[in-house]
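Student: Take this structure first; my questions come after.
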Amino acid sequence: MADKINIEPLGARVLVLPIEGESQSPGGVLLPETAKEKPQQGTIEAIGDPDEMETDLKVGDRVLFPKYTGTEIKYEGNTYLLMNEDDVLARIK
């Protein structure tokens, strides 16, 4: 992945790289793609206009978000989510 992504969110939006969950169940069973849950954690890769943002989210923050939120974008072999800032539920410290 490039050091700087060439997608710039507009307004109060953030671009998140979802962190994929485990591909094995706790019992060791391999899970097919269709059985995996959608990621609910990710890393912020880009933010929109800081003046329009209500929070102090920044690039590199690890965040939690609802299961079915944002718009999926495929770019340079990665799948990102573009979502509104208020779709971010929490920052993981």
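In the structure tokens, the first chain shown is A, the next is B, and so on; residue numbers restart at 1 for each chain, and ligands run from 1 in the order shown.
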Taking 5 positions as the minimum chain separation for residues in the same chain, which residues sit within 9 Å of Ile44 of chain A when counting only C-alpha atoms? Answer as a PyMOL selection string.

Tutor: chain A and resi 14-18+57-63

Student: Restrict the selected residues to N, CA and C atoms and save them as a PDB file, in the first residue's frame.

Tutor:
```
ATOM      1  N   VAL A  14     -14.884  10.319   6.352  1.00  0.00           N
ATOM      2  CA  VAL A  14     -13.602   9.671   6.606  1.00  0.00           C
ATOM      3  C   VAL A  14     -13.484   8.440   5.716  1.00  0.00           C
ATOM      4  N   LEU A  15     -12.257   8.109   5.356  1.00  0.00           N
ATOM      5  CA  LEU A  15     -11.964   6.902   4.590  1.00  0.00           C
ATOM      6  C   LEU A  15     -11.321   5.914   5.552  1.00  0.00           C
ATOM      7  N   VAL A  16     -11.929   4.733   5.674  1.00  0.00           N
ATOM      8  CA  VAL A  16     -11.494   3.738   6.651  1.00  0.00           C
ATOM      9  C   VAL A  16     -11.063   2.460   5.941  1.00  0.00           C
ATOM     10  N   LEU A  17      -9.929   1.911   6.356  1.00  0.00           N
ATOM     11  CA  LEU A  17      -9.485   0.605   5.887  1.00  0.00           C
ATOM     12  C   LEU A  17      -9.950  -0.413   6.930  1.00  0.00           C
ATOM     13  N   PRO A  18     -10.983  -1.225   6.607  1.00  0.00           N
ATOM     14  CA  PRO A  18     -11.480  -2.203   7.575  1.00  0.00           C
ATOM     15  C   PRO A  18     -10.413  -3.224   7.949  1.00  0.00           C
ATOM     16  N   LEU A  57     -10.974  13.277  15.000  1.00  0.00           N
ATOM     17  CA  LEU A  57     -10.443  12.076  14.361  1.00  0.00           C
ATOM     18  C   LEU A  57      -9.279  12.464  13.467  1.00  0.00           C
ATOM     19  N   LYS A  58      -8.288  11.565  13.405  1.00  0.00           N
ATOM     20  CA  LYS A  58      -7.137  11.845  12.540  1.00  0.00           C
ATOM     21  C   LYS A  58      -6.661  10.557  11.870  1.00  0.00           C
ATOM     22  N   VAL A  59      -5.873  10.730  10.829  1.00  0.00           N
ATOM     23  CA  VAL A  59      -5.331   9.593  10.091  1.00  0.00           C
ATOM     24  C   VAL A  59      -4.537   8.712  11.052  1.00  0.00           C
ATOM     25  N   GLY A  60      -4.769   7.416  10.977  1.00  0.00           N
ATOM     26  CA  GLY A  60      -4.076   6.465  11.837  1.00  0.00           C
ATOM     27  C   GLY A  60      -4.912   6.006  13.023  1.00  0.00           C
ATOM     28  N   ASP A  61      -5.990   6.738  13.356  1.00  0.00           N
ATOM     29  CA  ASP A  61      -6.852   6.320  14.466  1.00  0.00           C
ATOM     30  C   ASP A  61      -7.509   4.993  14.129  1.00  0.00           C
ATOM     31  N   ARG A  62      -7.601   4.126  15.132  1.00  0.00           N
ATOM     32  CA  ARG A  62      -8.326   2.863  14.983  1.00  0.00           C
ATOM     33  C   ARG A  62      -9.722   3.094  15.546  1.00  0.00           C
ATOM     34  N   VAL A  63     -10.759   2.765  14.766  1.00  0.00           N
ATOM     35  CA  VAL A  63     -12.122   3.121  15.138  1.00  0.00           C
ATOM     36  C   VAL A  63     -13.077   1.941  15.026  1.00  0.00           C
TER      37      VAL A  63
END
```

Student: Restricting the calculation to only C-alpha atoms, which member of A:Arg13, A:Lys74, A:Lys93, A:Lys67 is positioned closest to Glu54 of chain A?

Tutor: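 Closest candidate: A:Arg13.
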
Student: Set the distance at 10 Å and use only C-alpha atoms: which residues neighbour Glu8 of chain A once local chain neighbours fewer than 6 positions away are removed? I'd like the list as a ChimeraX atom specification.

Tutor: /A:14-15,45-49,82
